[in-house]
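Colleague: Following this line is data_29.txt, made up of compact mmCIF, C-alpha atoms:
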```txt
# COMPACT_ATOMS: atom_id res chain seq x y z
CA VAL A 1 -3.81 16.47 1.58
CA ALA A 2 -4.57 13.45 3.71
CA LEU A 3 -0.95 12.47 3.73
CA LYS A 4 0.06 15.84 5.08
CA VAL A 5 -2.38 15.39 7.91
CA ILE A 6 -0.78 12.09 8.78
CA GLU A 7 2.74 13.40 8.58
CA SER A 8 2.02 16.32 10.84
CA THR A 9 0.26 14.29 13.51
CA PRO A 10 1.98 10.93 13.49
CA GLU A 11 0.38 9.60 16.65
CA SER A 12 -3.22 10.51 16.04
CA LEU A 13 -5.73 9.08 13.66
CA PRO A 14 -6.75 11.38 10.82
CA ALA A 15 -10.31 12.60 10.74
CA ARG A 16 -12.53 9.83 9.46
CA THR A 17 -13.83 10.21 5.96
CA THR A 18 -17.30 8.94 5.25
CA ASP A 19 -17.94 5.77 3.31
CA ALA A 20 -19.49 7.84 0.50
CA GLU A 21 -16.38 10.01 0.24
CA GLU A 22 -14.13 6.97 0.18
CA ARG A 23 -16.26 5.28 -2.48
CA GLU A 24 -16.01 8.38 -4.62
CA LEU A 25 -12.24 8.16 -4.41
CA LEU A 26 -12.36 4.47 -5.33
CA VAL A 27 -14.51 5.20 -8.38
CA ARG A 28 -11.94 7.75 -9.55
CA VAL A 29 -9.24 5.12 -9.08
CA ALA A 30 -11.21 2.46 -10.95
CA GLU A 31 -12.45 4.57 -13.85
CA LYS A 32 -9.76 7.20 -14.33
CA ARG A 33 -6.74 5.55 -12.69
CA ASP A 34 -6.53 8.77 -10.73
CA GLN A 35 -3.26 8.83 -8.81
CA ALA A 36 -4.33 11.74 -6.62
CA ALA A 37 -7.46 9.90 -5.53
CA PHE A 38 -5.45 6.75 -4.90
CA ARG A 39 -2.91 8.67 -2.86
CA GLN A 40 -5.68 10.27 -0.80
CA LEU A 41 -7.31 6.91 -0.14
CA TYR A 42 -3.92 5.51 0.85
CA GLY A 43 -3.38 8.42 3.24
CA THR A 44 -6.79 7.92 4.76
CA TYR A 45 -6.02 4.33 5.68
CA PHE A 46 -2.30 4.44 6.35
CA GLN A 47 -2.53 5.36 10.01
CA ARG A 48 -5.50 3.12 10.73
CA LEU A 49 -3.84 0.09 9.17
CA SER A 50 -0.52 0.95 10.73
CA ARG A 51 -2.08 0.92 14.21
CA LEU A 52 -3.97 -2.27 13.57
CA LEU A 53 -0.94 -4.11 12.21
CA THR A 54 1.25 -2.85 15.02
CA ARG A 55 -1.34 -4.33 17.41
CA MET A 56 -0.61 -7.61 15.68
CA ARG A 57 3.00 -7.13 16.77
CA MET A 58 4.26 -6.79 13.24
CA ARG A 59 7.61 -5.20 12.56
CA PRO A 60 7.58 -1.80 10.82
CA GLN A 61 8.90 -3.24 7.57
CA ASP A 62 6.18 -5.90 7.64
CA VAL A 63 3.57 -3.25 8.39
CA GLU A 64 4.64 -1.29 5.34
CA GLU A 65 4.70 -4.41 3.20
CA VAL A 66 1.20 -5.43 4.25
CA ILE A 67 -0.20 -1.92 3.72
CA ASN A 68 1.35 -1.71 0.26
CA ASP A 69 0.22 -5.21 -0.65
CA THR A 70 -3.26 -4.21 0.46
CA PHE A 71 -3.30 -1.11 -1.68
CA TRP A 72 -1.82 -3.02 -4.56
CA VAL A 73 -5.02 -5.08 -4.42
CA VAL A 74 -7.08 -1.89 -4.10
CA TRP A 75 -5.39 -0.50 -7.23
CA THR A 76 -5.80 -3.64 -9.30
CA LYS A 77 -9.27 -4.62 -8.06
CA ALA A 78 -10.84 -1.21 -7.59
CA GLY A 79 -13.31 -1.87 -10.40
CA GLU A 80 -14.42 -5.13 -8.81
CA PHE A 81 -15.64 -3.66 -5.51
CA ARG A 82 -19.40 -4.10 -5.67
CA GLY A 83 -20.32 -2.17 -2.56
CA GLY A 84 -21.82 -5.06 -0.63
CA SER A 85 -20.08 -3.76 2.47
CA LEU A 86 -18.44 -0.63 3.72
CA LEU A 87 -15.28 0.18 1.81
CA SER A 88 -13.40 0.23 5.10
CA THR A 89 -14.52 -3.33 5.81
CA TRP A 90 -13.20 -4.42 2.42
CA ILE A 91 -9.84 -2.69 2.74
CA ILE A 92 -9.15 -3.56 6.38
CA GLY A 93 -10.26 -7.14 5.70
CA ILE A 94 -7.68 -7.41 2.92
CA ALA A 95 -5.00 -6.04 5.23
CA TYR A 96 -5.97 -8.46 8.00
CA ARG A 97 -5.73 -11.49 5.73
CA ARG A 98 -2.41 -10.29 4.30
CA ALA A 99 -1.10 -9.79 7.81
CA LEU A 100 -2.13 -13.29 8.85
CA ASN A 101 -0.32 -14.70 5.84
CA THR A 102 2.79 -12.73 6.72
CA LEU A 103 2.71 -13.81 10.33
CA ARG A 104 2.18 -17.43 9.41
CA ARG A 105 4.91 -17.29 6.79
CA GLU A 106 7.43 -15.78 9.11
CA ARG A 107 6.15 -17.51 12.21
CA LEU A 108 6.57 -14.33 14.14
CA ARG A 109 3.66 -14.96 16.46
CA PRO A 110 1.14 -17.73 16.89
CA VAL A 111 -2.26 -16.72 15.57
CA SER A 112 -4.90 -18.38 17.67
CA ASP A 113 -7.80 -17.65 19.90
CA GLU A 114 -6.64 -19.87 22.72
CA PRO A 115 -7.60 -18.72 26.21
CA VAL A 116 -4.86 -16.69 27.78
CA ASP A 117 -2.58 -18.46 30.23
CA GLU A 118 -3.55 -17.35 33.73
CA ASN A 119 0.10 -17.21 34.76
CA MET A 120 0.83 -14.91 31.86
CA ALA A 121 -1.76 -12.53 33.20
CA SER A 122 -0.08 -12.18 36.54
CA VAL A 123 1.04 -8.69 37.46
CA PRO A 124 4.72 -7.92 38.06
CA SER A 125 5.58 -6.82 41.59
CA THR A 126 6.61 -3.36 40.43
CA ALA A 127 3.29 -2.85 38.74
CA GLN A 128 1.91 -0.63 41.48
CA ASP A 129 3.89 2.27 40.08
CA ILE A 130 2.91 1.82 36.48
CA GLU A 131 0.62 4.40 34.97
CA TYR A 132 -2.87 3.40 34.01
CA SER A 133 -2.11 3.73 30.29
CA GLN A 134 0.82 1.41 30.69
CA TRP A 135 -1.47 -1.05 32.40
CA ILE A 136 -3.67 -0.97 29.35
CA SER A 137 -0.73 -1.69 27.08
CA TYR A 138 0.41 -4.42 29.37
CA GLY A 139 -3.06 -5.93 29.50
CA LEU A 140 -3.45 -5.83 25.74
CA GLU A 141 -0.18 -7.62 25.29
CA LYS A 142 -1.59 -10.50 27.28
CA LEU A 143 -4.50 -11.01 24.92
CA PRO A 144 -4.51 -13.44 22.03
CA VAL A 145 -4.12 -11.53 18.80
CA GLU A 146 -7.72 -12.11 17.66
CA GLN A 147 -9.10 -10.63 20.89
CA ARG A 148 -6.69 -7.72 20.70
CA LEU A 149 -7.73 -6.99 17.14
CA ALA A 150 -11.42 -7.14 18.01
CA LEU A 151 -10.80 -4.58 20.74
CA GLU A 152 -8.74 -2.35 18.44
CA LEU A 153 -11.33 -2.48 15.68
CA THR A 154 -14.10 -1.69 18.13
CA TYR A 155 -12.58 0.89 20.44
CA THR A 156 -9.92 2.59 18.34
CA LEU A 157 -11.31 2.29 14.82
CA GLY A 158 -14.96 2.44 15.91
CA HIS A 159 -16.46 -0.44 13.97
CA SER A 160 -19.79 -2.07 14.68
CA CYS A 161 -19.97 -5.71 15.73
CA GLU A 162 -21.10 -6.72 12.24
CA GLU A 163 -18.25 -4.81 10.60
CA VAL A 164 -15.69 -6.42 12.89
CA ALA A 165 -17.13 -9.82 12.00
CA ALA A 166 -16.83 -9.03 8.29
CA ILE A 167 -13.23 -7.84 8.64
CA LEU A 168 -12.16 -10.82 10.71
CA ASN A 169 -14.26 -13.14 8.57
CA CYS A 170 -16.03 -14.78 11.48
CA PRO A 171 -19.60 -14.94 12.88
CA VAL A 172 -20.97 -12.02 14.86
CA ASN A 173 -21.26 -14.21 17.96
CA THR A 174 -17.56 -15.02 17.72
CA VAL A 175 -16.76 -11.31 17.86
CA LYS A 176 -18.96 -10.92 20.92
CA THR A 177 -17.24 -13.87 22.56
CA ARG A 178 -13.78 -12.53 21.79
CA LEU A 179 -14.60 -9.17 23.30
CA PHE A 180 -16.23 -10.82 26.29
CA ARG A 181 -13.07 -12.84 26.94
CA ALA A 182 -10.82 -9.85 26.31
CA ARG A 183 -12.73 -7.81 28.88
CA GLU A 184 -12.51 -10.61 31.41
CA THR A 185 -8.77 -10.95 30.89
CA LEU A 186 -8.17 -7.21 31.14
CA LYS A 187 -10.09 -7.20 34.38
CA GLN A 188 -7.72 -9.77 35.83
CA VAL A 189 -4.66 -7.94 34.57
CA LEU A 190 -5.75 -4.43 35.46
CA PRO A 191 -6.16 -4.01 39.20
CA ALA A 192 -6.56 -0.32 38.51
CA LEU A 193 -9.94 -1.22 37.12
CA GLY A 194 -10.90 -2.84 40.39
CA GLY A 195 -12.78 0.17 41.56
CA MET A 196 -14.59 0.49 38.30
CA THR A 197 -15.48 -3.09 37.58
CA GLY A 198 -17.58 -5.46 39.52
CA GLU A 199 -18.66 -9.02 39.16
CA THR A 200 -18.91 -10.37 35.66
CA ALA A 201 -22.17 -11.31 34.05
CA MET B 1 -36.88 -12.58 27.50
CA ASN B 2 -36.32 -13.07 31.21
CA ILE B 3 -34.19 -10.76 33.28
CA PRO B 4 -30.96 -12.89 33.47
CA ASP B 5 -30.95 -13.32 29.67
CA THR B 6 -31.45 -9.60 29.21
CA HIS B 7 -28.49 -8.89 31.46
CA ALA B 8 -26.23 -11.39 29.68
CA GLU B 9 -27.23 -10.13 26.25
CA ALA B 10 -26.77 -6.51 27.28
CA TRP B 11 -23.39 -7.36 28.79
CA THR B 12 -22.07 -8.64 25.43
CA LEU B 13 -23.28 -5.54 23.60
CA LEU B 14 -21.72 -2.99 25.97
CA PRO B 15 -18.59 -2.41 23.83
CA TRP B 16 -20.77 -1.09 21.01
CA LEU B 17 -22.80 1.01 23.38
CA VAL B 18 -19.46 2.48 24.42
CA ASN B 19 -18.22 3.16 20.86
CA GLY B 20 -21.62 4.41 19.71
CA ARG B 21 -22.02 1.78 16.98
CA ILE B 22 -24.83 -0.24 18.55
CA SER B 23 -27.96 -0.51 16.40
CA ASP B 24 -30.81 1.84 17.22
CA GLU B 25 -33.00 -1.13 17.99
CA ASP B 26 -30.55 -2.53 20.56
CA ARG B 27 -29.57 0.83 21.96
CA GLU B 28 -33.00 1.47 23.37
CA TRP B 29 -33.30 -1.63 25.52
CA VAL B 30 -29.58 -1.86 26.41
CA GLU B 31 -29.56 1.71 27.68
CA SER B 32 -32.73 0.99 29.60
CA HIS B 33 -31.11 -2.05 31.19
CA VAL B 34 -27.87 -0.25 32.03
CA ALA B 35 -29.83 2.49 33.74
CA SER B 36 -31.26 -0.05 36.13
CA CYS B 37 -28.24 -2.37 36.48
CA GLU B 38 -25.40 -1.23 38.69
CA GLU B 39 -23.04 -3.93 37.40
CA CYS B 40 -23.56 -3.00 33.75
CA SER B 41 -23.29 0.66 34.61
CA ARG B 42 -19.87 0.08 36.22
CA GLU B 43 -18.79 -2.00 33.22
CA VAL B 44 -19.72 0.79 30.82
CA GLN B 45 -17.55 3.18 32.81
CA ALA B 46 -14.67 0.70 32.84
CA GLN B 47 -14.90 0.03 29.11
CA ARG B 48 -15.08 3.74 28.35
CA ALA B 49 -11.85 4.19 30.26
CA ILE B 50 -10.19 1.37 28.34
CA ALA B 51 -11.44 2.66 24.99
CA GLY B 52 -10.21 6.16 25.78
CA GLN B 53 -6.79 4.89 26.79
CA MET B 54 -6.51 2.74 23.67
CA ARG B 55 -7.33 5.67 21.41
CA GLU B 56 -4.75 7.81 23.15
CA GLU B 57 -2.11 5.16 23.28
CA PRO B 58 0.76 6.11 20.99
CA LEU B 59 1.85 3.09 19.04
CA SER B 60 5.38 3.29 17.73
CA GLN B 61 5.19 4.85 14.30
CA THR B 62 8.39 4.88 12.37
CA LEU B 63 6.84 4.76 8.94
CA SER B 64 6.28 7.69 6.63
CA ALA B 65 3.07 7.50 4.62
CA GLN B 66 4.58 9.52 1.81
CA ARG B 67 7.68 7.40 1.57
CA SER B 68 5.68 4.18 1.73
CA PHE B 69 3.31 5.43 -0.95
CA GLY B 70 6.31 6.29 -3.11
CA LYS B 71 7.48 2.70 -2.92
CA LEU B 72 4.04 1.40 -3.83
CA TRP B 73 3.67 3.78 -6.76
CA THR B 74 7.08 2.81 -8.12
CA ARG B 75 6.01 -0.81 -7.93
CA ILE B 76 2.76 -0.08 -9.76
CA GLU B 77 4.49 1.85 -12.52
CA ALA B 78 7.12 -0.85 -12.95
CA SER B 79 4.45 -3.52 -13.14
CA GLU B 80 2.24 -1.71 -15.60
CA GLY B 81 5.19 -0.70 -17.72
CA ALA B 82 6.28 -4.34 -17.97
CA MET B 83 2.85 -5.63 -18.90
CA PRO B 84 1.78 -5.95 -22.52
CA ALA B 85 -0.52 -3.07 -23.33
CA ALA B 86 -3.63 -5.18 -23.79
CA GLU B 87 -3.00 -7.11 -20.58
CA ALA B 88 -2.35 -3.97 -18.60
CA THR B 89 -5.57 -2.49 -19.88
CA ASN B 90 -7.62 -5.53 -19.00
CA ALA B 91 -6.02 -6.44 -15.70
CA SER B 92 -5.82 -3.19 -13.89
CA ALA B 93 -8.01 -0.72 -15.66
CA GLN B 94 -11.23 -2.12 -16.84
CA HIS B 95 -12.69 1.30 -17.35
CA ARG B 96 -9.58 3.36 -17.72
CA GLY B 97 -8.47 5.33 -20.73
CA PRO B 98 -5.60 4.14 -22.90
CA SER B 99 -2.37 3.56 -21.03
CA ARG B 100 0.81 5.45 -21.83
CA THR B 101 2.09 2.41 -23.73
CA VAL B 102 -1.04 2.22 -25.84
CA ARG B 103 -0.87 5.92 -26.58
CA TRP B 104 2.74 5.59 -27.72
CA LEU B 105 1.90 2.62 -29.89
CA ALA B 106 -0.98 4.52 -31.43
CA ALA B 107 1.31 7.47 -32.15
CA ALA B 108 3.86 5.12 -33.70
CA VAL B 109 1.20 3.65 -35.98
CA VAL B 110 0.19 7.14 -37.12
CA VAL B 111 3.81 8.08 -37.84
CA GLN B 112 4.30 4.84 -39.71
CA ALA B 113 1.17 5.45 -41.78
CA VAL B 114 2.35 8.95 -42.70
CA GLY B 115 5.74 7.55 -43.70
CA LEU B 116 4.19 4.88 -45.90
CA ALA B 117 1.94 7.45 -47.52
CA THR B 118 4.93 9.66 -48.25
CA LEU B 119 6.82 6.78 -49.79
CA GLY B 120 3.82 5.83 -51.85
CA LEU B 121 3.45 9.39 -53.08
CA ALA B 122 7.12 9.50 -54.03
CA ALA B 123 6.77 6.30 -56.03
CA TRP B 124 3.61 7.63 -57.70
CA ASN B 125 5.48 10.74 -58.73
CA GLY B 126 8.11 8.69 -60.50
CA GLY B 127 10.62 8.39 -57.72
CA THR B 128 13.73 6.44 -58.56
CA GLY B 129 13.46 4.22 -55.57
CA GLU B 130 17.08 4.92 -54.71
CA TYR B 131 18.23 4.09 -51.23
CA GLY B 132 21.49 4.55 -49.45
CA THR B 133 23.83 2.18 -47.65
CA VAL B 134 26.84 2.69 -45.52
CA THR B 135 29.10 1.97 -48.49
CA ASP B 136 27.42 4.71 -50.51
CA VAL B 137 29.03 7.29 -48.32
CA PRO B 138 31.64 9.22 -50.30
CA ALA B 139 35.06 7.66 -50.11
CA VAL B 140 37.66 9.30 -47.94
CA GLU B 141 41.02 10.36 -49.19
CA ALA B 142 42.99 7.35 -50.35
CA GLY B 143 45.20 5.91 -47.68
CA MET B 144 43.59 7.83 -44.79
CA PRO B 145 42.72 5.49 -41.93
CA ALA B 146 39.08 6.16 -41.03
CA VAL B 147 35.87 4.71 -39.65
CA ARG B 148 32.21 5.25 -40.35
CA LEU B 149 29.96 5.59 -37.35
CA VAL B 150 26.43 6.45 -36.28
CA PHE B 151 25.91 8.20 -32.95
CA ASP B 152 23.02 7.59 -30.60
CA PRO B 153 20.47 10.12 -31.93
CA ALA B 154 19.44 11.06 -28.38
CA MET B 155 22.97 12.09 -27.54
CA PRO B 156 23.74 15.80 -27.20
CA VAL B 157 26.39 17.42 -29.38
CA GLY B 158 28.74 17.81 -26.46
CA ALA B 159 28.75 14.08 -25.89
CA MET B 160 29.54 13.52 -29.57
CA TYR B 161 32.69 15.61 -29.16
CA GLU B 162 33.58 13.53 -26.10
CA VAL B 163 33.32 10.33 -28.13
CA LEU B 164 35.48 11.77 -30.90
CA GLU B 165 38.03 13.04 -28.43
CA SER B 166 38.20 9.81 -26.44
CA HIS B 167 38.88 7.82 -29.61
CA LYS B 168 41.12 10.50 -31.20
CA LEU B 169 38.89 10.94 -34.21
CA LYS B 170 38.19 13.85 -36.50
CA ILE B 171 35.04 14.15 -38.57
CA VAL B 172 35.96 14.38 -42.23
CA ALA B 173 32.58 13.80 -43.84
CA GLY B 174 28.92 13.55 -42.97
CA PRO B 175 26.43 13.24 -41.79
CA HIS B 176 25.10 11.31 -44.73
CA GLY B 177 21.90 9.32 -44.97
CA ALA B 178 20.90 7.62 -41.70
CA GLY B 179 23.25 9.93 -39.78
CA ILE B 180 26.48 8.31 -40.93
CA PHE B 181 29.69 10.21 -40.19
CA THR B 182 33.13 9.45 -41.53
CA ALA B 183 35.91 10.13 -39.04
CA ALA B 184 39.62 9.98 -39.61
CA LEU B 185 42.01 8.47 -37.08
CA THR B 186 44.46 10.98 -35.64
CA GLU B 187 46.33 8.75 -33.23
CA ALA B 188 49.33 6.96 -34.65
CA GLY B 189 49.42 3.25 -33.96
CA GLU B 190 45.64 2.74 -34.04
CA THR B 191 43.95 0.93 -36.88
CA PRO B 192 40.46 1.48 -38.27
CA GLU B 193 39.57 -2.03 -37.16
CA SER B 194 40.62 -1.55 -33.53
CA VAL B 195 38.95 1.85 -33.31
CA ALA B 196 35.75 0.52 -34.90
CA GLU B 197 35.72 -2.30 -32.39
CA ALA B 198 36.21 0.10 -29.51
CA LEU B 199 33.43 2.31 -30.82
CA SER B 200 31.12 -0.68 -31.15
CA ASN B 201 31.52 -1.25 -27.43
CA ASP B 202 30.66 2.37 -26.66
CA SER B 203 27.00 2.68 -25.65
CA ARG B 204 26.89 6.13 -27.18
CA VAL B 205 27.60 4.72 -30.65
CA GLN B 206 24.98 2.75 -32.53
CA PHE B 207 27.18 1.55 -35.33
CA ALA B 208 30.87 1.62 -36.30
CA GLN B 209 32.75 0.16 -39.23
CA PRO B 210 36.32 0.52 -40.55
CA VAL B 211 36.62 2.26 -43.92
CA ALA B 212 38.25 0.08 -46.52
CA ASN B 213 40.76 2.03 -48.61
```
Do you think you could lay out the structure here as structure tokens?
Modeller:
Amino acid sequence: VALKVIESTPESLPARTTDAEERELLVRVAEKRDQAAFRQLYGTYFQRLSRLLTRMRMRPQDVEEVINDTFWVVWTKAGEFRGGSLLSTWIIGIAYRRALNTLRRERLRPVSDEPVDENMASVPSTAQDIEYSQWISYGLEKLPVEQRLALELTYTLGHSCEEVAAILNCPVNTVKTRLFRARETLKQVLPALGGMTGETA
Amino acid sequence: MNIPDTHAEAWTLLPWLVNGRISDEDREWVESHVASCEECSREVQAQRAIAGQMREEPLSQTLSAQRSFGKLWTRIEASEGAMPAAEATNASAQHRGPSRTVRWLAAAVVVQAVGLATLGLAAWNGGTGEYGTVTDVPAVEAGMPAVRLVFDPAMPVGAMYEVLESHKLKIVAGPHGAGIFTAALTEAGETPESVAEALSNDSRVQFAQPVAN
């Protein structure tokens, strides 16, 4: 059922299932090797992970590989999930680490949290005509991958600061710092925000 | 906490005020601060705009969830089918029921046990203990070039005719014990040895042997 939702609305995220509902599916996978439950769980996360991995500038074939590697782990380790965190934190965390390995292996993109080059954040002369949404995309492209992911996890996937920290396997303060820097960079890149943003803290 | 620290702390928490995932404890004082701080208030508006745009932003999606899941499931089935039953059970299904492999093995054990019991009963009832071999098959007419062969038991009858036709054979006896047929050669110039060799290389034939006359 979840898969049909995804197929019919390819650009929107499916309605979020609750952690309790997802855990119930995982229990069916662990105890009964229930393919239907596994398929539903896969469908629930496919679009979320696909967006997140695309934000990491992964190619479609790499996105699929990482998602399937992630759910391979879910299938084989379902019985080992002890519930110390949200199931989403566990699954997305696996995908994130797999993606980092893929990126490092293929050297597609540097993975670092280096401050963005100021020159890179300069706006092209034709930018005046670009729509606001395109400005956002442009601005996001200028962010280091870790800052971009922190934004995506927070604003698109709706995770708390603690959940983002668990997924990215870093301290809570690091997440706050990454978002702080990301906001500052976006402010420099997005003149359209000029009327909405003021001096920084 | 003095006022500058409150502002700086609130500033870092604004993204989670925007996405609604700030803790109840923090929400109270951050909202109170934002209500009285023009700079934070503007930042909340700006971040809400960014968050809204990010959620609406269509990222290129060329993947099909169903097709991708199909690939994963094929991989899982191939992996579990290749694993020894005990390993598959332990590694990927700590609490699962018996795998398909285990169920088949269990069924095979039951069949084997029934077979042994039947044999034992036959012996108890004074069975002769006779058994058959390929050479026990009745002899064909003297001088007739022929082969003995056993077809793949899973093969349909139509395919059997195809085998016979392709090798120019005609069944003259059988099937005898273990599904052995005797087939005569109908093509001049062929020998039982060459036909038996050709049949041995045919995946549809389990066994082939020239008949010695």
Colleague: Work out how far apart atom CA of B:Ser68 and atom CA of A:Glu80 are and give it in Å to one decimal.
Modeller: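 If I compute the distance from atom CA of B:Ser68 to atom CA of A:Glu80, I get 24.5 Å.
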Colleague: Once you count all atoms listed in the file, which residues of chain B turn out to be within 9 Å of chain A? Could you give them as an NGL selection string?
Modeller: :B and (4 or 7-8 or 11-13 or 15-16 or 18-23 or 38-40 or 42-66 or 68-69 or 71-73 or 75-76 or 91-97)
Colleague: Please provide the set of residues having any atom within 9 Å of stretch 160-172 of chain B, restricted to all atoms listed in the file, with same-chain residues fewer than 2 positions apart removed, written as a ChimeraX atom specification.
Modeller: /B:140,146-147,151-152,155-158,174,181-187,195,198-199,202,204-205
Colleague: So which residues touch A:Thr18 within 10 Å, counting only C-alpha atoms, skipping near sequence neighbours fewer than 4 positions away, as a list of chain:residue names?
Modeller: A:Glu22, A:Arg23, A:Glu24, A:Leu86, A:Leu87, A:Ser88
Colleague: As an exercise, work out the distance from atom CA of B:Met144 to atom CA of B:Thr191 in Å and give it to one decimal place.
Modeller: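 Computing the Euclidean distance for atom CA of B:Met144 and atom CA of B:Thr191 yields 10.5 Å.
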Colleague: At what distance in Å, to one decimal, does atom CA of B:Pro210 lie from atom CA of B:Ala196?
Modeller: 5.7 Å
Colleague: Using only C-alpha atoms, which of the listed residues (A:Gly83, A:Leu53, A:Gln188, A:Pro171) sits closest to A:Ala20?
Modeller: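 Closest to A:Ala20, using only C-alpha atoms: A:Gly83.
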Colleague: Could the centre and edge lengths of an axis-aligned box, enclosing all atoms of stretch 30-33 of chain A in the file with 5 Å extra on each side, be given in Å to one decimal as lines of an AutoDock Vina configuration file?
Modeller:
```
center_x = -9.6
center_y = 4.8
center_z = -12.6
size_x = 15.7
size_y = 14.7
size_z = 13.4
```
